[in-house]
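A.B. asks: My structure is in structure_21.tsv, and what it holds is TSV, C-alpha atoms:
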chain	number	residue	atom	x	y	z
X	113	MET	CA	3.37	43.07	62.36
X	114	SER	CA	4.05	43.19	66.09
X	115	LEU	CA	4.47	40.07	68.18
X	116	ARG	CA	1.31	41.00	70.07
X	117	ASP	CA	-0.66	41.19	66.81
X	118	ARG	CA	0.82	37.94	65.60
X	119	ILE	CA	-0.35	36.19	68.75
X	120	GLY	CA	-3.70	37.93	69.25
X	121	ARG	CA	-4.88	38.10	65.65
X	122	ARG	CA	-3.42	34.85	64.33
X	123	ALA	CA	-2.01	32.31	66.77
X	124	VAL	CA	-4.74	32.38	69.41
X	125	PRO	CA	-7.74	32.12	67.04
X	126	ARG	CA	-5.99	29.38	65.08
X	127	LEU	CA	-5.23	27.45	68.26
X	128	ILE	CA	-8.82	27.72	69.48
X	129	VAL	CA	-10.17	26.33	66.21
X	130	ALA	CA	-7.56	23.56	66.11
X	131	LEU	CA	-8.27	22.46	69.69
X	132	SER	CA	-12.02	22.43	69.02
X	133	ARG	CA	-11.46	19.92	66.24
X	134	ILE	CA	-9.84	17.30	68.47
X	135	ARG	CA	-12.36	14.49	68.81
X	136	LEU	CA	-10.53	11.40	70.10
X	137	PRO	CA	-10.61	11.96	73.91
X	138	ARG	CA	-14.39	12.49	73.94
X	139	ARG	CA	-14.93	9.48	71.68
X	140	VAL	CA	-12.94	7.31	74.05
X	141	GLU	CA	-14.82	8.71	77.03
X	142	ALA	CA	-18.15	8.01	75.30
X	143	ALA	CA	-17.08	4.47	74.47
X	144	VAL	CA	-16.15	3.84	78.10
X	145	ARG	CA	-19.46	5.32	79.22
X	146	ARG	CA	-21.38	3.01	76.89
X	147	ALA	CA	-19.30	-0.01	77.90
X	148	THR	CA	-20.24	0.60	81.53
X	149	GLY	CA	-23.94	0.72	80.62
X	150	ARG	CA	-24.40	4.43	80.94
X	151	ARG	CA	-26.46	6.54	78.56
X	152	GLY	CA	-25.45	9.68	76.71
X	153	ARG	CA	-26.43	13.04	78.14
X	154	VAL	CA	-27.49	16.42	76.79
X	155	ASP	CA	-27.73	19.31	79.28
X	156	LEU	CA	-30.12	21.95	77.99
X	157	PHE	CA	-30.27	25.43	79.53
X	158	ILE	CA	-33.58	27.14	78.77
X	159	ALA	CA	-35.65	30.16	79.74
X	160	TYR	CA	-39.43	30.12	79.53
X	161	ASP	CA	-39.59	33.72	78.31
X	162	ASP	CA	-37.37	32.75	75.38
X	163	PRO	CA	-39.28	31.43	72.34
X	164	LEU	CA	-36.04	30.01	70.95
X	165	SER	CA	-35.87	27.80	74.05
X	166	ALA	CA	-39.27	26.43	72.99
X	167	VAL	CA	-37.78	25.52	69.60
X	168	ALA	CA	-34.88	23.80	71.36
X	169	VAL	CA	-36.89	21.84	73.91
X	170	LEU	CA	-39.45	20.60	71.40
X	171	GLY	CA	-36.81	19.78	68.80
X	172	LEU	CA	-34.48	17.96	71.19
X	173	ALA	CA	-37.24	16.05	72.98
X	174	GLU	CA	-38.31	14.59	69.64
X	175	ARG	CA	-34.81	13.87	68.39
X	176	LEU	CA	-33.44	12.35	71.61
X	177	ALA	CA	-36.46	10.10	72.12
X	178	VAL	CA	-34.99	7.67	69.58
X	179	ARG	CA	-31.50	7.62	71.11
X	180	PRO	CA	-30.08	6.20	74.34
X	181	VAL	CA	-29.50	9.75	75.55
X	182	ASP	CA	-30.94	11.61	78.56
X	183	LEU	CA	-32.15	15.17	78.19
X	184	ILE	CA	-31.41	17.13	81.38
X	185	VAL	CA	-33.25	20.44	81.43
X	186	HIS	CA	-31.92	23.41	83.43
X	187	PRO	CA	-34.41	26.29	83.47
X	188	VAL	CA	-32.95	29.71	84.24
X	189	VAL	CA	-34.36	33.21	84.58
X	190	ALA	CA	-31.24	35.40	84.46
X	191	ARG	CA	-29.52	35.18	81.07
X	192	GLY	CA	-27.89	37.22	78.31
X	193	ILE	CA	-24.78	39.35	77.92
X	194	GLU	CA	-24.38	41.83	80.76
X	195	ASP	CA	-25.31	45.41	79.74
X	196	ASP	CA	-26.14	44.29	76.21
X	197	PRO	CA	-27.46	47.39	74.40
X	198	ALA	CA	-29.33	45.20	71.89
X	199	VAL	CA	-31.29	43.14	74.43
X	200	ASP	CA	-34.73	44.54	73.52
X	201	ARG	CA	-34.12	44.14	69.79
X	202	LYS	CA	-32.91	40.58	70.35
X	203	ARG	CA	-36.01	39.70	72.37
X	204	ALA	CA	-38.34	41.09	69.70
X	205	TYR	CA	-36.49	39.38	66.87
X	206	ALA	CA	-36.44	36.05	68.74
X	207	VAL	CA	-40.22	35.82	68.35
X	208	VAL	CA	-39.97	36.25	64.58
X	209	ASP	CA	-37.06	33.83	64.34
X	210	ALA	CA	-38.72	31.17	66.49
X	211	GLY	CA	-41.82	31.38	64.31
X	212	ARG	CA	-39.76	30.64	61.21
X	213	LEU	CA	-37.77	27.83	62.84
X	214	LEU	CA	-40.91	26.09	64.13
X	215	ALA	CA	-42.54	26.50	60.72
X	216	ARG	CA	-39.75	24.36	59.24
X	217	ASP	CA	-41.25	21.47	61.28
X	218	GLY	CA	-44.82	22.47	60.48
X	219	VAL	CA	-45.47	23.95	63.96
X	220	THR	CA	-47.10	27.35	64.42
X	221	LEU	CA	-45.95	29.84	67.04
X	222	SER	CA	-49.09	31.28	68.61
X	223	ARG	CA	-47.57	34.34	70.28
X	224	ARG	CA	-46.59	37.47	68.36
X	225	ALA	CA	-44.94	39.34	71.24
X	226	SER	CA	-42.20	38.47	73.71
X	227	LEU	CA	-42.84	37.65	77.37
X	228	GLU	CA	-41.16	39.32	80.31
X	229	PRO	CA	-38.87	36.99	82.35
X	230	GLY	CA	-40.85	37.75	85.52
X	231	GLU	CA	-44.12	36.64	83.91
X	232	VAL	CA	-42.94	33.06	83.57
X	233	ALA	CA	-40.23	32.73	86.24
X	234	PHE	CA	-42.61	30.53	88.23
X	235	LEU	CA	-42.36	27.88	85.51
X	236	ALA	CA	-38.62	27.56	86.08
X	237	ALA	CA	-39.23	26.97	89.79
X	238	TRP	CA	-41.98	24.45	89.08
X	239	THR	CA	-39.71	22.58	86.70
X	240	MET	CA	-37.02	22.23	89.36
X	241	GLN	CA	-39.57	20.78	91.80
X	242	ILE	CA	-39.88	17.71	89.59
X	243	ALA	CA	-37.30	15.22	90.81
X	244	ASP	CA	-37.06	12.85	87.85
X	245	PRO	CA	-35.04	14.35	84.95
X	246	ALA	CA	-37.19	12.63	82.30
X	247	ASP	CA	-40.39	13.99	83.85
X	248	ARG	CA	-38.74	17.40	84.17
X	249	ALA	CA	-37.87	17.42	80.46
X	250	ALA	CA	-41.36	16.22	79.57
X	251	PHE	CA	-42.92	19.03	81.60
X	252	ALA	CA	-40.62	21.59	80.00
X	253	ALA	CA	-41.80	20.41	76.57
X	254	ASP	CA	-45.47	20.44	77.65
X	255	ALA	CA	-45.15	23.91	79.17
X	256	MET	CA	-43.28	25.38	76.19
X	257	ARG	CA	-45.86	23.93	73.80
X	258	ALA	CA	-48.73	25.36	75.87
X	259	LEU	CA	-47.03	28.71	76.37
X	260	TRP	CA	-45.69	29.43	72.88
X	261	CYS	CA	-47.70	27.22	70.54
X	262	GLY	CA	-51.06	26.95	72.28
X	263	SER	CA	-51.85	30.33	73.79
X	264	GLU	CA	-51.48	34.08	73.43
X	265	GLY	CA	-52.09	37.03	75.72
X	266	PRO	CA	-51.78	36.67	79.51
X	267	VAL	CA	-50.09	33.52	80.78
X	268	ASP	CA	-52.64	30.92	81.92
X	269	ARG	CA	-51.23	29.62	85.21
X	270	GLY	CA	-54.17	27.31	85.73
X	271	ALA	CA	-53.60	25.39	82.50
X	272	LEU	CA	-49.88	25.19	83.23
X	273	ALA	CA	-50.54	23.92	86.76
X	274	THR	CA	-52.65	21.12	85.26
X	275	ALA	CA	-49.76	20.23	82.93
X	276	TRP	CA	-47.38	20.29	85.89
X	277	ALA	CA	-49.57	17.98	87.99
X	278	ALA	CA	-49.55	15.45	85.16
X	279	ARG	CA	-45.75	15.21	85.25
X	280	ALA	CA	-44.94	15.85	88.94
X	281	THR	CA	-44.73	12.62	90.87
X	282	HIS	CA	-45.26	13.95	94.39
X	283	ALA	CA	-48.32	15.48	96.01
X	284	GLY	CA	-48.81	19.14	96.87
X	285	PRO	CA	-49.13	22.32	94.86
X	286	PRO	CA	-46.31	23.80	92.80
X	287	VAL	CA	-44.24	26.38	94.68
X	288	ASP	CA	-42.88	29.65	93.23
X	289	ASP	CA	-39.41	29.54	94.74
X	290	PRO	CA	-37.17	32.22	93.14
X	291	ALA	CA	-34.07	30.45	94.47
X	292	ALA	CA	-34.85	27.23	92.60
X	293	THR	CA	-32.98	28.28	89.46
X	294	ALA	CA	-29.86	29.60	91.21
X	295	GLY	CA	-28.00	26.33	90.71
X	296	GLY	CA	-28.67	26.26	86.96
X	297	GLU	CA	-27.68	29.89	86.57
X	298	ARG	CA	-24.48	29.25	88.50
X	299	ARG	CA	-23.66	26.24	86.30
X	300	MET	CA	-24.24	28.36	83.20
X	301	ARG	CA	-21.88	31.09	84.34
X	302	ARG	CA	-19.23	28.59	85.44
X	303	ARG	CA	-19.20	27.02	81.98
X	304	GLY	CA	-19.10	30.41	80.21
X	305	LEU	CA	-22.60	29.95	78.78
X	306	TYR	CA	-24.16	33.38	78.42
X	307	ASP	CA	-27.62	32.89	76.91
X	308	THR	CA	-30.32	30.37	76.13
X	309	PRO	CA	-31.05	27.91	74.68
X	310	ILE	CA	-27.72	26.16	75.04
X	311	ALA	CA	-27.19	22.41	74.80
X	312	VAL	CA	-24.01	20.94	76.25
X	313	VAL	CA	-23.19	17.65	74.56
X	314	HIS	CA	-20.24	15.86	76.11
X	315	GLY	CA	-17.81	18.78	76.10
X	316	GLN	CA	-19.18	20.83	73.21
X	317	TRP	CA	-21.95	23.37	73.39
X	318	PHE	CA	-24.42	24.59	70.83
X	319	PHE	CA	-27.17	27.19	70.53
X	320	ALA	CA	-29.66	24.39	70.33
X	321	HIS	CA	-32.53	26.05	68.42
X	322	GLU	CA	-30.35	26.46	65.32
X	323	ARG	CA	-28.01	23.50	65.68
X	324	LEU	CA	-30.35	20.52	66.06
X	325	PRO	CA	-28.76	18.62	63.14
X	326	ALA	CA	-25.28	19.44	64.51
X	327	ILE	CA	-26.26	18.01	67.91
X	328	GLU	CA	-27.49	14.85	66.22
X	329	HIS	CA	-24.22	14.68	64.31
X	330	ARG	CA	-22.27	15.07	67.54
X	331	LEU	CA	-24.19	12.21	69.16
X	332	ASP	CA	-23.67	10.03	66.07
X	333	GLU	CA	-19.97	10.81	66.22
X	334	LEU	CA	-19.85	9.71	69.87
X	335	GLY	CA	-21.74	6.50	69.12
X	336	TRP	CA	-25.16	7.35	70.53
X	337	THR	CA	-26.98	6.75	67.28
X	338	ALA	CA	-30.73	6.63	66.67
X	339	ARG	CA	-32.31	3.24	67.26
B	212	MET	CA	-42.93	38.93	41.88
B	213	ASP	CA	-43.38	42.49	43.17
B	214	ARG	CA	-40.53	44.95	43.01
B	215	ALA	CA	-39.64	44.73	46.72
B	216	MET	CA	-39.21	40.99	46.30
B	217	THR	CA	-36.67	41.34	43.49
B	218	THR	CA	-33.91	42.80	45.66
B	219	ILE	CA	-32.15	41.44	48.74
B	220	ASP	CA	-29.97	43.66	50.89
B	221	PHE	CA	-27.07	41.59	52.22
B	222	PHE	CA	-25.52	43.17	55.33
B	223	PHE	CA	-22.01	41.85	55.89
B	224	SER	CA	-18.95	42.43	58.09
B	225	PHE	CA	-15.43	41.38	57.17
B	226	ARG	CA	-14.84	40.76	60.90
B	227	SER	CA	-17.72	38.31	61.11
B	228	PRO	CA	-16.83	34.69	60.31
B	229	TYR	CA	-20.55	33.95	59.98
B	230	SER	CA	-20.64	36.55	57.19
B	231	TYR	CA	-17.80	34.64	55.52
B	232	LEU	CA	-19.82	31.42	55.73
B	233	ALA	CA	-22.91	33.13	54.32
B	234	ALA	CA	-21.34	35.01	51.42
B	235	PRO	CA	-21.14	32.29	48.72
B	236	ARG	CA	-24.77	31.27	49.28
B	237	ALA	CA	-25.92	34.88	49.55
B	238	PHE	CA	-24.46	35.82	46.19
B	239	ALA	CA	-25.79	32.58	44.70
B	240	LEU	CA	-29.34	33.74	45.53
B	241	ALA	CA	-29.05	36.18	42.63
B	242	ARG	CA	-28.31	33.40	40.15
B	243	ASP	CA	-30.69	30.83	41.64
B	244	HIS	CA	-33.69	33.13	42.02
B	245	GLY	CA	-33.16	35.82	39.39
B	246	ILE	CA	-33.01	38.65	41.91
B	247	ASP	CA	-30.56	41.43	42.76
B	248	VAL	CA	-28.35	40.90	45.80
B	249	VAL	CA	-27.16	44.28	47.06
B	250	PHE	CA	-24.01	43.97	49.16
B	251	ARG	CA	-23.93	46.31	52.16
B	252	GLY	CA	-20.73	46.14	54.19
B	253	VAL	CA	-21.03	47.36	57.79
B	254	MET	CA	-18.61	48.25	60.55
B	255	PRO	CA	-17.79	45.39	62.95
B	256	MET	CA	-19.91	45.18	66.09
B	257	ALA	CA	-16.86	45.66	68.31
B	258	MET	CA	-16.01	48.89	66.43
B	259	ARG	CA	-19.43	50.43	67.04
B	260	GLY	CA	-19.44	50.25	70.83
B	261	GLN	CA	-21.06	46.87	71.29
B	262	SER	CA	-19.13	44.61	73.63
B	263	VAL	CA	-18.38	41.06	72.57
B	264	PRO	CA	-17.56	38.97	75.68
B	265	LEU	CA	-14.71	36.48	75.61
B	266	ALA	CA	-17.13	33.56	75.97
B	267	LYS	CA	-18.97	34.66	72.84
B	268	ARG	CA	-15.75	35.11	70.87
B	269	LEU	CA	-14.57	31.63	71.84
B	270	HIS	CA	-17.92	30.05	71.01
B	271	THR	CA	-18.06	31.80	67.65
B	272	LEU	CA	-14.72	30.37	66.55
B	273	ARG	CA	-15.68	26.84	67.64
B	274	ASP	CA	-19.15	27.00	66.12
B	275	VAL	CA	-17.92	28.47	62.84
B	276	GLY	CA	-15.32	25.70	62.72
B	277	ARG	CA	-18.10	23.09	62.87
B	278	GLU	CA	-20.29	24.94	60.39
B	279	ALA	CA	-17.41	25.45	57.96
B	280	THR	CA	-16.76	21.70	58.01
B	281	ARG	CA	-20.44	21.04	57.33
B	282	LEU	CA	-20.44	23.49	54.43
B	283	GLY	CA	-17.12	22.23	53.04
B	284	MET	CA	-15.47	25.64	53.44
B	285	PRO	CA	-11.88	26.19	54.61
B	286	PHE	CA	-11.57	27.89	58.00
B	287	GLY	CA	-9.01	28.28	60.75
B	288	ARG	CA	-5.96	30.03	59.33
B	289	ILE	CA	-7.16	33.39	60.61
B	290	HIS	CA	-5.89	36.92	60.71
B	291	ASP	CA	-8.40	39.00	62.72
B	292	PRO	CA	-8.99	42.18	60.66
B	293	ILE	CA	-10.49	44.30	63.44
B	294	GLY	CA	-9.41	47.92	63.01
B	295	ASP	CA	-7.71	49.07	59.82
B	296	GLY	CA	-8.07	45.76	58.00
B	297	ALA	CA	-11.85	45.73	58.29
B	298	VAL	CA	-12.16	49.42	57.37
B	299	ARG	CA	-9.93	49.06	54.29
B	300	CYS	CA	-11.89	46.05	53.04
B	301	LEU	CA	-15.20	47.86	53.56
B	302	ARG	CA	-14.10	50.86	51.51
B	303	VAL	CA	-12.60	48.73	48.75
B	304	SER	CA	-15.82	46.71	48.62
B	305	GLU	CA	-17.73	49.92	47.85
B	306	HIS	CA	-15.31	50.60	45.00
B	307	ALA	CA	-15.70	46.97	43.88
B	308	LYS	CA	-19.47	47.52	43.68
B	309	ASP	CA	-18.90	50.45	41.35
B	310	VAL	CA	-16.79	48.39	38.96
B	311	GLY	CA	-18.86	45.19	39.10
B	312	ARG	CA	-16.36	43.09	41.09
B	313	VAL	CA	-17.98	43.04	44.50
B	314	GLU	CA	-18.73	39.31	44.64
B	315	ALA	CA	-15.19	38.36	43.65
B	316	PHE	CA	-13.69	40.81	46.13
B	317	VAL	CA	-15.91	39.92	49.09
B	318	LEU	CA	-15.47	36.17	48.61
B	319	GLY	CA	-11.72	36.54	48.10
B	320	ALA	CA	-11.14	38.95	50.99
B	321	SER	CA	-13.21	37.00	53.50
B	322	ARG	CA	-11.51	33.75	52.52
B	323	ALA	CA	-8.13	35.49	52.86
B	324	ILE	CA	-9.02	36.67	56.36
B	325	TRP	CA	-10.64	33.48	57.71
B	326	ALA	CA	-8.85	30.71	55.87
B	327	GLN	CA	-5.52	32.04	54.62
B	328	ALA	CA	-4.35	34.35	57.46
B	329	VAL	CA	-3.81	37.29	55.12
B	330	ASP	CA	-3.24	40.62	56.88
B	331	VAL	CA	-5.55	42.95	54.93
B	332	ALA	CA	-4.36	45.93	57.00
B	333	ASP	CA	-1.09	45.57	55.14
B	334	ASP	CA	-0.81	46.89	51.55
B	335	GLU	CA	0.92	43.76	50.33
B	336	GLY	CA	-1.81	41.50	51.70
B	337	LEU	CA	-4.72	43.58	50.46
B	338	ARG	CA	-3.14	44.20	47.07
B	339	GLY	CA	-2.96	40.47	46.40
B	340	VAL	CA	-6.63	40.08	47.32
B	341	CYS	CA	-7.68	43.03	45.14
B	342	GLU	CA	-5.75	41.88	42.10
B	343	ALA	CA	-7.02	38.32	42.44
B	344	ALA	CA	-10.54	39.79	42.37
B	345	GLY	CA	-9.78	41.71	39.18
B	346	LEU	CA	-9.48	45.11	40.85
B	347	ASP	CA	-6.91	47.73	39.91
B	348	TRP	CA	-4.67	48.30	42.93
B	349	ASP	CA	-4.21	52.05	42.46
B	350	ALA	CA	-7.97	52.60	42.26
B	351	SER	CA	-8.51	50.32	45.27
B	352	ARG	CA	-5.85	52.13	47.25
B	353	ALA	CA	-7.49	55.45	46.40
B	354	ALA	CA	-10.88	54.13	47.60
B	355	ILE	CA	-9.43	53.50	51.06
B	356	ASP	CA	-8.78	57.24	51.49
B	357	ASP	CA	-11.97	58.37	49.73
B	358	PRO	CA	-14.42	60.03	52.17
B	359	GLY	CA	-17.26	59.13	49.82
B	360	MET	CA	-16.57	55.42	50.30
B	361	ALA	CA	-16.36	55.91	54.07
B	362	ALA	CA	-19.73	57.68	54.02
B	363	ARG	CA	-21.30	54.78	52.12
B	364	VAL	CA	-20.06	52.31	54.73
B	365	ASP	CA	-21.50	54.53	57.48
B	366	ALA	CA	-24.82	54.64	55.64
B	367	ASN	CA	-24.88	50.84	55.39
B	368	THR	CA	-24.20	50.56	59.12
B	369	GLU	CA	-26.97	53.04	59.93
B	370	ALA	CA	-29.34	51.14	57.65
B	371	LEU	CA	-28.64	47.91	59.58
B	372	LEU	CA	-29.34	49.59	62.90
B	373	GLY	CA	-32.45	51.16	61.38
B	374	LEU	CA	-33.78	47.66	60.73
B	375	GLY	CA	-33.54	46.96	64.46
B	376	GLN	CA	-30.65	44.58	63.87
B	377	TRP	CA	-27.28	44.44	65.64
B	378	GLY	CA	-25.25	41.54	64.21
B	379	VAL	CA	-24.55	40.14	60.77
B	380	PRO	CA	-25.08	38.59	58.32
B	381	VAL	CA	-28.53	40.04	57.80
B	382	PHE	CA	-30.76	39.74	54.77
B	383	ARG	CA	-33.61	42.11	54.01
B	384	LEU	CA	-36.26	40.99	51.57
B	385	GLY	CA	-39.16	43.41	51.29
B	386	ASP	CA	-40.43	43.98	54.83
B	387	GLU	CA	-38.82	40.82	56.18
B	388	VAL	CA	-35.44	40.65	57.92
B	389	PHE	CA	-33.43	37.47	58.44
B	390	TRP	CA	-30.38	37.24	60.70
B	391	GLY	CA	-27.84	34.44	60.45
B	392	GLN	CA	-25.90	32.42	57.91
B	393	ASP	CA	-28.15	29.46	58.65
B	394	ARG	CA	-31.34	31.42	57.85
B	395	ILE	CA	-30.70	31.54	54.09
B	396	GLU	CA	-33.09	28.61	53.69
B	397	ASP	CA	-35.79	30.81	55.23
B	398	VAL	CA	-34.92	33.57	52.74
B	399	GLU	CA	-35.26	31.05	49.94
B	400	ARG	CA	-38.60	29.87	51.33
B	401	ALA	CA	-39.80	33.48	51.34
B	402	LEU	CA	-38.58	33.92	47.76
B	403	ARG	CA	-40.52	30.86	46.67
B	404	GLY	CA	-43.59	32.38	48.32
Take the structure in the file and give it back as structure tokens.
C.D. replies:
Amino acid sequence: MSLRDRIGRRAVPRLIVALSRIRLPRRVEAAVRRATGRRGRVDLFIAYDDPLSAVAVLGLAERLAVRPVDLIVHPVVARGIEDDPAVDRKRAYAVVDAGRLLARDGVTLSRRASLEPGEVAFLAAWTMQIADPADRAAFAADAMRALWCGSEGPVDRGALATAWAARATHAGPPVDDPAATAGGERRMRRRGLYDTPIAVVHGQWFFAHERLPAIEHRLDELGWTAR
Amino acid sequence: MDRAMTTIDFFFSFRSPYSYLAAPRAFALARDHGIDVVFRGVMPMAMRGQSVPLAKRLHTLRDVGREATRLGMPFGRIHDPIGDGAVRCLRVSEHAKDVGRVEAFVLGASRAIWAQAVDVADDEGLRGVCEAAGLDWDASRAAIDDPGMAARVDANTEALLGLGQWGVPVFRLGDEVFWGQDRIEDVERALRG
């Protein structure tokens, strides 16, 4: 075996796994954070055209409500692996998969077909108009529930605007600003996050729709247990 | 149970650590539910023209590490089999199907790759895996060069793509398709009706 093979096929993968299993620094950091009165934090990157993001938002909102942990929602429009030849198949399968995952919690997915990113990009902009992170997360959950579990066919902007007004704390109509999600998309790329829904939990990240118990375990491990 | 519900096609790649995690529970479906589990080894994604970005490769190793811990499976002493190693294991697995040793071979080979750093592209490494699985080495070695075995692997790969799927592990039960090692509970739910 060549030295190159020994490094690329063995040493590097082994090192990556070993480093990912180091827990102490993050535990210490979490303990310091708690000692200074700060709450835990989960950053969740979502896309409204992604039914798996609906699974993640609804699942995390429920699970984090009983923990001293803030859910910070970052809606994005651009996502996925560049030039992915399987993108259409992934989008179609995501609807089937989300239906099964929601069914585990007794929730029914109302849509049977995927949505185009452009159809719901306005929701990402509306979300970012809400200043308070807790209200923003609450709106994301309301909108995902209405979009994926309470409607089918064309997107009902009127109903979603009503949901937005209930969570937005300032006056004025929601604005469709395409630049509103640029910051979230930039943060995703910078962290090497390539798709949604991704939850970043104090240094580790998870595809949140299928790792809800693992996220809870991570928070337990860091000391942010359920009350 | 109708006939379509008595067989599960299990699409698997030796280069996929998620396939490694799924395999023991996939084969156990046969015993737990009285059905046939048909192993279908496919070419790795990266060997059929689909790019796997660095970020995804890094995430996969970290995520599989966590999942392996949760499942109580060893993981981390790796020898990436991409290339000859994966192809040799795929062809031997077709031979193992013919002689009734596919479960032993697939479990042993995937554990060797993902938890014991065995180089299955090397005759010495693969021979140990084959013999531990109860396979004759000469017959296994012959399977590697057998065009019939190669054609069966190609057919499995085409069948996966024909289902509209791209990654593995994938389970097909009747008209339903399930992707992911953590979707076996959904397969079981479907089996229970």
A.B. asks: Scan for residues within 9 Å of the point (-25.4, 9.2, 72.0) in the coordinates of the file, using all atoms listed in the file, and reply as number ranges by chain.
C.D. replies: X: 142, 146, 151-154, 176, 179-182, 328, 330-338
A.B. asks: Do a neighbour search on Glu228 of chain X at 10 Å with only C-alpha atoms, toss out local chain neighbours closer than 2 positions, and write the hits as a PyMOL selection string.
C.D. replies: chain X and resi 160-162+203+225-226+230-233
A.B. asks: Give one line per residue of chain B that approaches chain X to at most 8 Å, naming the two atoms of the closest pair and their distance in Å to one decimal, counting all atoms listed in the file; sort by chain then ascending residue number and deliver it as a Markdown table.
C.D. replies:
| residue | atom | partner | partner_atom | distance |
| --- | --- | --- | --- | --- |
| B:Gln261 | CA | X:Pro197 | CA | 7.1 |
| B:Ser262 | CA | X:Asp196 | CA | 7.5 |
| B:Pro264 | CA | X:Ile193 | CA | 7.6 |
| B:Ala266 | CA | X:Gly304 | CA | 5.6 |
| B:Lys267 | CA | X:Tyr306 | CA | 7.7 |
| B:Leu269 | CA | X:Ile128 | CA | 7.3 |
| B:Leu272 | CA | X:Val129 | CA | 6.1 |
| B:Arg273 | CA | X:Val129 | CA | 5.7 |
| B:Asp274 | CA | X:Phe318 | CA | 7.5 |
| B:Gly276 | CA | X:Val129 | CA | 6.3 |
| B:Gly287 | CA | X:Arg126 | CA | 5.4 |
| B:Arg288 | CA | X:Arg126 | CA | 5.8 |
| B:Ile289 | CA | X:Arg122 | CA | 5.5 |
| B:His290 | CA | X:Arg122 | CA | 4.8 |
| B:Asp291 | CA | X:Arg121 | CA | 4.7 |
| B:Pro292 | CA | X:Arg121 | CA | 7.6 |
| B:Ala328 | CA | X:Arg122 | CA | 7.0 |
| B:Gly375 | CA | X:Arg201 | CA | 6.1 |
| B:Gln376 | CA | X:Arg201 | CA | 6.9 |
| B:Trp377 | CA | X:Ala198 | CA | 6.6 |
| B:Phe389 | CA | X:Asp209 | CA | 7.8 |
| B:Asp393 | CA | X:Glu322 | CA | 7.6 |
| B:Asp397 | CA | X:Arg212 | CA | 7.2 |
A.B. asks: I need the chosen residues saved as a compact mmCIF listing (two decimals), keeping the file's coordinate frame, with C-alpha atoms.
C.D. replies:
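Contents of out_34.txt, as written:
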# COMPACT_ATOMS: atom_id res chain seq x y z
CA GLN B 261 -21.06 46.87 71.29
CA SER B 262 -19.13 44.61 73.63
CA PRO B 264 -17.56 38.97 75.68
CA ALA B 266 -17.13 33.56 75.97
CA LYS B 267 -18.97 34.66 72.84
CA LEU B 269 -14.57 31.63 71.84
CA LEU B 272 -14.72 30.37 66.55
CA ARG B 273 -15.68 26.84 67.64
CA ASP B 274 -19.15 27.00 66.12
CA GLY B 276 -15.32 25.70 62.72
CA GLY B 287 -9.01 28.28 60.75
CA ARG B 288 -5.96 30.03 59.33
CA ILE B 289 -7.16 33.39 60.61
CA HIS B 290 -5.89 36.92 60.71
CA ASP B 291 -8.40 39.00 62.72
CA PRO B 292 -8.99 42.18 60.66
CA ALA B 328 -4.35 34.35 57.46
CA GLY B 375 -33.54 46.96 64.46
CA GLN B 376 -30.65 44.58 63.87
CA TRP B 377 -27.28 44.44 65.64
CA PHE B 389 -33.43 37.47 58.44
CA ASP B 393 -28.15 29.46 58.65
CA ASP B 397 -35.79 30.81 55.23
A.B. asks: Show which residues sit within 10 Å of Arg251 of chain B, as a list in words. Count all atoms listed in the file, and ignore same-chain residues fewer than 5 positions away.
C.D. replies: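 The neighbour list is Asp220, Phe221, Phe222, Phe223, Ser224, Leu301, Ser304, Glu305, Lys308, Arg363, Val364, Ala366, Asn367, Thr368, Ala370, Leu371, Pro380, Val381 and Phe382 of chain B.
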A.B. asks: Can you measure atom CA of Leu259 of chain X to atom CA of Pro286 of chain X for me? One decimal in Å is fine.
C.D. replies: 17.2 Å
A.B. asks: Given the choices B:Gly385, B:Gly283, B:Val253, B:Ala350, which gets closest to Leu372 of chain B if the distance is worked out from only C-alpha atoms?
C.D. replies: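 Closest to Leu372 of chain B, using only C-alpha atoms: B:Val253.
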A.B. asks: Pick the closest to Arg302 of chain B from B:Arg400, B:Arg352, B:Arg226, B:His244: which is it, counting only C-alpha atoms?
C.D. replies: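 Closest candidate: B:Arg352.
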A.B. asks: Using only C-alpha atoms for the distances, tell me which of X:Thr148, X:Thr308, X:Ser165, X:Ser263 is nearest to Thr220 of chain X.
C.D. replies: X:Ser263
A.B. asks: Return the single residue from B:Leu282, B:Val298, B:Leu402, B:Ala233 that is closest to Asp357 of chain B, with distances computed using only C-alpha atoms.
C.D. replies: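 The answer is B:Val298, which sits nearest to Asp357 of chain B.
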A.B. asks: Please report the interatomic distance between atom CA of Ile324 of chain B and atom CA of Val398 of chain B in Å with one decimal.
C.D. replies: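 Pair atom CA of Ile324 of chain B / atom CA of Val398 of chain B returns 26.3 Å.
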A.B. asks: When you draw a straight line from atom CA of Pro325 of chain X to atom CA of Val312 of chain X, how long is it in Å?
C.D. replies: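 Between atom CA of Pro325 of chain X and atom CA of Val312 of chain X the gap is 14.1 Å.
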A.B. asks: The residues within 12 Å of (-5.7, 45.7, 40.6), using all atoms listed in the file and the coordinates of the file, should be reported as a list of chain:residue names; which are they?
C.D. replies: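 Those residues, ordered by chain and then number, are B:Val303, B:His306, B:Ala307, B:Val310, B:Arg312, B:Phe316, B:Glu335, B:Leu337, B:Arg338, B:Gly339, B:Val340, B:Cys341, B:Glu342, B:Ala343, B:Ala344, B:Gly345, B:Leu346, B:Asp347, B:Trp348, B:Asp349, B:Ala350, B:Ser351, B:Arg352, B:Ala353.
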A.B. asks: When you count all atoms listed in the file, which of these residues is closest to Phe157 of chain X: X:Pro290, X:Pro187, X:Gly192, X:Pro245?
C.D. replies: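 For Phe157 of chain X, the nearest of the given residues is X:Pro187.
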